[in-house]
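File shown: query_0.txt (compact mmCIF, C-alpha atoms and all ligand atoms).
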# COMPACT_ATOMS: atom_id res chain seq x y z
CA MET A 1 -19.43 6.84 15.73
CA ASP A 2 -16.24 6.14 17.64
CA LEU A 3 -13.10 4.80 16.07
CA LYS A 4 -13.57 1.26 17.33
CA LYS A 5 -17.06 1.05 15.82
CA ARG A 6 -15.86 2.49 12.54
CA LEU A 7 -13.05 -0.05 12.42
CA GLU A 8 -15.46 -2.92 13.14
CA ASN A 9 -17.72 -1.60 10.41
CA VAL A 10 -14.86 -1.51 7.87
CA LYS A 11 -13.75 -5.04 8.79
CA ASP A 12 -17.31 -6.21 8.44
CA ARG A 13 -17.60 -4.66 5.00
CA ILE A 14 -14.31 -6.28 3.97
CA SER A 15 -15.56 -9.70 5.08
CA LYS A 16 -18.87 -9.29 3.30
CA ALA A 17 -17.22 -8.15 0.07
CA ALA A 18 -14.84 -11.13 0.23
CA LEU A 19 -17.59 -13.67 0.90
CA LYS A 20 -19.72 -12.20 -1.87
CA CYS A 21 -17.06 -13.21 -4.40
CA SER A 22 -16.11 -16.46 -2.63
CA ARG A 23 -12.79 -15.18 -1.30
CA ASN A 24 -11.40 -15.86 2.14
CA PRO A 25 -11.71 -12.62 4.17
CA GLU A 26 -8.35 -13.45 5.76
CA ASP A 27 -6.66 -12.98 2.39
CA ILE A 28 -7.49 -9.28 2.47
CA ASN A 29 -5.17 -7.16 4.58
CA LEU A 30 -6.44 -3.89 5.97
CA VAL A 31 -3.90 -1.07 5.84
CA ALA A 32 -5.20 1.67 8.15
CA VAL A 33 -4.02 4.86 6.47
CA SER A 34 -2.83 7.06 9.32
CA LYS A 35 -1.21 9.88 7.34
CA THR A 36 -1.87 13.26 9.03
CA ILE A 37 -3.54 11.49 11.98
CA PRO A 38 -1.92 12.38 15.35
CA ALA A 39 -0.13 9.64 17.28
CA ASP A 40 -2.72 9.42 20.07
CA ARG A 41 -5.48 8.68 17.53
CA VAL A 42 -3.26 6.12 15.87
CA ARG A 43 -2.65 4.52 19.25
CA GLU A 44 -6.41 4.31 19.72
CA ALA A 45 -6.69 2.54 16.37
CA ILE A 46 -3.96 0.07 17.32
CA GLU A 47 -5.67 -0.67 20.61
CA ALA A 48 -8.92 -1.18 18.68
CA GLY A 49 -7.24 -3.86 16.57
CA VAL A 50 -5.45 -2.23 13.63
CA THR A 51 -2.34 -4.26 12.71
CA ILE A 52 -1.01 -2.42 9.64
CA LEU A 53 -0.47 1.34 9.44
CA GLY A 54 -0.09 3.11 6.11
CA GLU A 55 1.94 6.32 6.11
CA SER A 56 2.65 8.71 3.23
CA TYR A 57 5.38 10.95 4.62
CA VAL A 58 8.66 9.59 5.93
CA GLN A 59 9.32 12.30 8.52
CA GLU A 60 5.79 12.10 9.90
CA ALA A 61 6.07 8.32 10.15
CA ARG A 62 9.41 8.59 11.95
CA ASN A 63 7.89 10.94 14.52
CA LYS A 64 5.00 8.57 15.15
CA PHE A 65 7.27 5.56 15.25
CA ASN A 66 9.24 7.23 18.06
CA VAL A 67 6.04 7.25 20.11
CA LEU A 68 4.34 4.05 18.91
CA GLY A 69 7.28 1.90 17.85
CA THR A 70 6.86 -0.62 20.66
CA TYR A 71 3.42 -1.74 19.46
CA PRO A 72 3.48 -4.97 17.45
CA VAL A 73 2.12 -3.42 14.26
CA SER A 74 3.47 -3.38 10.75
CA TRP A 75 4.33 -0.03 9.14
CA HIS A 76 3.77 0.35 5.41
CA PHE A 77 4.78 3.23 3.16
CA ILE A 78 2.15 4.24 0.60
CA GLY A 79 3.22 7.76 -0.49
CA HIS A 80 5.60 9.13 -3.05
CA LEU A 81 9.11 8.23 -1.91
CA GLN A 82 12.15 10.33 -2.77
CA SER A 83 15.43 8.48 -3.14
CA ASN A 84 17.05 10.63 -0.46
CA LYS A 85 14.58 9.19 2.08
CA ALA A 86 15.32 5.58 1.20
CA LYS A 87 17.67 5.24 4.15
CA TYR A 88 14.90 5.96 6.63
CA ALA A 89 12.27 4.07 4.67
CA VAL A 90 14.11 0.75 4.84
CA ARG A 91 14.55 1.14 8.60
CA LEU A 92 10.87 1.83 9.22
CA PHE A 93 8.71 0.00 6.74
CA ASP A 94 7.90 -3.68 6.28
CA LEU A 95 6.36 -3.02 2.87
CA ILE A 96 6.86 -0.09 0.50
CA HIS A 97 3.86 0.09 -1.86
CA SER A 98 5.13 2.85 -4.11
CA VAL A 99 8.33 1.89 -5.94
CA ASP A 100 8.05 3.36 -9.42
CA THR A 101 11.55 4.07 -10.76
CA ILE A 102 14.75 2.11 -11.13
CA LYS A 103 16.61 4.94 -9.40
CA LEU A 104 14.48 4.58 -6.28
CA ALA A 105 14.72 0.78 -6.38
CA ARG A 106 18.51 0.97 -6.63
CA GLU A 107 18.75 3.29 -3.64
CA LEU A 108 16.38 1.14 -1.57
CA ASN A 109 18.48 -1.89 -2.46
CA ASN A 110 21.68 -0.10 -1.36
CA GLN A 111 20.18 1.04 1.90
CA ALA A 112 18.57 -2.32 2.67
CA ASN A 113 21.93 -3.97 1.99
CA LYS A 114 23.59 -1.73 4.59
CA ILE A 115 21.28 -3.01 7.32
CA ASN A 116 21.21 -6.56 6.02
CA LYS A 117 17.51 -6.50 5.21
CA ILE A 118 15.46 -7.92 2.38
CA GLN A 119 13.02 -5.09 1.72
CA ASP A 120 9.58 -6.11 0.49
CA ILE A 121 8.17 -3.78 -2.15
CA LEU A 122 5.30 -3.33 -4.56
CA ILE A 123 5.53 -1.61 -7.93
CA GLN A 124 3.21 1.37 -8.17
CA VAL A 125 1.66 1.57 -11.63
CA ASN A 126 0.03 4.65 -13.14
CA ILE A 127 -2.83 2.51 -14.35
CA SER A 128 -5.02 5.49 -15.34
CA LYS A 129 -2.18 7.07 -17.38
CA GLU A 130 -2.70 10.43 -15.69
CA PRO A 131 0.27 12.69 -16.49
CA SER A 132 0.30 14.19 -13.00
CA LYS A 133 0.40 10.88 -11.16
CA SER A 134 3.23 8.88 -9.64
CA GLY A 135 3.69 5.32 -10.73
CA SER A 136 5.46 3.46 -13.46
CA ASP A 137 3.96 3.56 -16.96
CA ILE A 138 2.10 0.36 -17.73
CA GLN A 139 4.55 -0.47 -20.55
CA ASN A 140 7.52 0.14 -18.27
CA ALA A 141 6.37 -2.04 -15.37
CA ALA A 142 7.85 -5.21 -16.87
CA ASN A 143 11.22 -3.49 -17.36
CA LEU A 144 11.16 -2.34 -13.78
CA ILE A 145 10.43 -5.84 -12.48
CA LYS A 146 13.17 -7.28 -14.70
CA ASP A 147 15.72 -4.90 -13.17
CA ILE A 148 14.46 -5.21 -9.60
CA VAL A 149 14.65 -8.99 -9.67
CA LEU A 150 18.43 -8.57 -9.91
CA PHE A 151 18.63 -6.53 -6.69
CA GLU A 152 19.51 -8.92 -3.92
CA ASN A 153 18.07 -6.86 -1.09
CA LEU A 154 14.67 -6.21 -2.66
CA SER A 155 11.79 -8.65 -2.93
CA VAL A 156 8.97 -7.59 -5.23
CA LYS A 157 5.60 -8.94 -4.07
CA GLY A 158 3.11 -7.40 -6.49
CA LEU A 159 1.54 -4.19 -7.77
CA MET A 160 -0.19 -1.12 -6.41
CA ALA A 161 -2.35 1.55 -8.06
CA ILE A 162 -4.49 4.58 -7.22
CA PRO A 163 -7.26 5.08 -9.78
CA PRO A 164 -8.68 8.57 -10.34
CA PHE A 165 -11.26 9.65 -7.79
CA PHE A 166 -14.88 8.93 -8.70
CA ASN A 167 -18.08 9.30 -6.71
CA ASN A 168 -19.24 5.99 -8.11
CA PRO A 169 -17.01 3.06 -7.08
CA GLU A 170 -18.03 1.07 -10.16
CA LYS A 171 -15.98 3.55 -12.20
CA SER A 172 -12.83 2.31 -10.46
CA ARG A 173 -13.49 -1.27 -11.52
CA PRO A 174 -11.84 -1.12 -14.97
CA TYR A 175 -8.64 0.18 -13.37
CA PHE A 176 -8.61 -2.60 -10.77
CA ILE A 177 -9.14 -5.15 -13.54
CA ALA A 178 -6.31 -3.59 -15.54
CA LEU A 179 -3.96 -3.81 -12.56
CA ARG A 180 -4.86 -7.45 -11.96
CA ASN A 181 -4.35 -8.27 -15.64
CA LEU A 182 -0.96 -6.56 -15.58
CA ARG A 183 -0.05 -8.58 -12.49
CA ASP A 184 -1.12 -11.81 -14.22
CA GLN A 185 0.95 -10.98 -17.32
CA SER A 186 3.93 -10.03 -15.17
CA GLN A 187 3.62 -13.27 -13.22
CA THR A 188 3.72 -15.23 -16.47
CA ALA A 189 6.72 -13.23 -17.68
CA PHE A 190 8.64 -13.67 -14.41
CA PRO A 191 7.92 -17.14 -13.05
CA GLY A 192 10.84 -16.79 -10.63
CA VAL A 193 9.08 -14.17 -8.48
CA VAL A 194 5.79 -14.51 -6.65
CA LEU A 195 3.55 -11.54 -7.43
CA ASN A 196 0.65 -12.39 -5.13
CA GLU A 197 -0.15 -8.94 -3.85
CA LEU A 198 -2.47 -6.31 -5.27
CA SER A 199 -2.68 -3.10 -3.26
CA MET A 200 -5.82 -1.35 -4.45
CA GLY A 201 -9.01 0.12 -3.02
CA MET A 202 -9.58 3.01 -0.61
CA THR A 203 -12.53 4.30 1.41
CA GLY A 204 -14.64 5.04 -1.67
CA ASP A 205 -14.10 1.85 -3.62
CA PHE A 206 -12.54 -0.94 -1.54
CA GLU A 207 -15.41 -3.39 -1.98
CA VAL A 208 -15.05 -3.28 -5.75
CA ALA A 209 -11.27 -3.65 -5.36
CA ILE A 210 -11.80 -6.79 -3.26
CA GLU A 211 -14.09 -8.23 -5.93
CA GLU A 212 -11.28 -7.66 -8.43
CA GLY A 213 -8.59 -9.33 -6.35
CA ALA A 214 -7.16 -6.79 -3.88
CA THR A 215 -4.98 -8.32 -1.15
CA PHE A 216 -4.24 -4.96 0.52
CA VAL A 217 -6.91 -2.30 0.87
CA ARG A 218 -5.67 1.11 2.05
CA ILE A 219 -8.37 2.79 4.12
CA GLY A 220 -8.10 6.10 5.95
CA THR A 221 -11.30 8.14 6.05
CA ALA A 222 -13.66 5.26 6.86
CA ILE A 223 -11.58 4.48 9.97
CA PHE A 224 -10.30 7.86 11.19
CA GLY A 225 -12.93 10.21 9.73
CA GLU A 226 -12.22 13.07 7.34
CA ARG A 227 -8.61 14.27 7.34
CA ARG A 228 -8.05 17.93 8.13
C1 LIG B 1 -4.64 8.79 1.63
C2 LIG B 1 -4.45 7.54 0.89
C3 LIG B 1 -5.34 6.45 1.05
C4 LIG B 1 -6.56 6.47 1.95
O1 LIG B 1 -7.59 7.21 1.37
P1 LIG B 1 -9.06 7.23 2.03
O2 LIG B 1 -9.91 7.69 0.91
O3 LIG B 1 -9.00 8.19 3.16
O4 LIG B 1 -9.38 5.87 2.47
C5 LIG B 1 -5.06 5.28 0.36
N1 LIG B 1 -3.98 5.18 -0.44
C6 LIG B 1 -3.12 6.19 -0.63
C7 LIG B 1 -1.96 6.00 -1.53
C8 LIG B 1 -3.33 7.40 0.03
O5 LIG B 1 -2.47 8.40 -0.18
Turn this file's structure into structure tokens for me.
Amino acid sequence: MDLKKRLENVKDRISKAALKCSRNPEDINLVAVSKTIPADRVREAIEAGVTILGESYVQEARNKFNVLGTYPVSWHFIGHLQSNKAKYAVRLFDLIHSVDTIKLARELNNQANKINKIQDILIQVNISKEPSKSGSDIQNAANLIKDIVLFENLSVKGLMAIPPFFNNPEKSRPYFIALRNLRDQSQTAFPGVVLNELSMGMTGDFEVAIEEGATFVRIGTAIFGERR
């Protein structure tokens, strides 16, 4: 199948999953995960209708942006971000999905301030409590939001999580529910911010994520094929 057909197929599945649970398909944003995918393939995806790219490595994204930066697409960062890359991240990305420490938030705020930008971010939560994984502890997420609210150049929009990998998408469901519940609690605790966004669901489980409230699904393999 060519890329355009695969993209159509993914969009179709997104719509069907949304309609199945009485959601508006337009409320679900497709982030085409283009990490490790060469610029010419990414260009093909843009020309086929992709409007949001998800990148995991700052340097790789910068290289691609040099080639593809004139296309009217939104660039999102979904990988682990080191504070020393914050300067480049705020210049490139409309939304950073993976803020998980106060140190990183502070540096992003400083760098966004320098270029007079309000940087949109999501808090990444280690919802499965895996020791090896990035993401704020569940208990610490509220603290992080409390501190980030005070940063004038950051705007927190919601939460992101990556559940463990399962062959059966139903096994991801409890983690998606947990992230949504944490968002709802956080929204109640911080009425001054609008935490509408839930970034959850990948190739293997995005339909379940949509049923549980995802507003961003991050999909690579189903669009670009297996990564090398
Ligand atoms: C690679 C990656 C994805 C996409 O995974 P697929 O299974 O290829 O859809 C989504 N989110 C994050 C954070 C990733 O690193």
Subject >> Distance filter 7 Å around ligand LIG 1 (chain B), atoms: only C-alpha atoms and all ligand atoms, out as a ChimeraX atom specification >> reply: /A:33,35,56,78-79,162,202-204,218-222
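Distances here use all atoms listed in the file; by that measure, the residue among A:Leu30, A:Ala86, A:Tyr175, A:Arg91 closest to Arg13 in chain A is A:Leu30.
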**OP:** Could you check which of A:Ala32, A:Val67, A:Ile96, A:Val58 is closest to Asn84 in chain A, using only C-alpha atoms?
**Re:** A:Val58
Mind giving me the axis-aligned box for range 95-112 of chain A with 5 Å on every side, centre plus edges in Å to one decimal, as lines of an AutoDock Vina configuration file?
center_x = 12.8
center_y = 1.0
center_z = -4.1
size_x = 27.8
size_y = 18.0
size_z = 24.0
Original post:
Near Val42 in chain A, counting only C-alpha atoms, which residues have an atom at most 12 Å away, once you skip same-chain residues fewer than 5 positions from it, shown as a list of chain:residue names?
Top reply: A:Leu3, A:Lys4, A:Ala32, A:Val33, A:Ser34, A:Lys35, A:Thr36, A:Ile37, A:Glu47, A:Ala48, A:Gly49, A:Val50, A:Thr51, A:Ile52, A:Leu53, A:Gly54, A:Glu55, A:Ala61, A:Lys64, A:Phe65, A:Val67, A:Leu68, A:Gly69, A:Tyr71, A:Val73, A:Trp75, A:Gly220, A:Ile223, A:Phe224
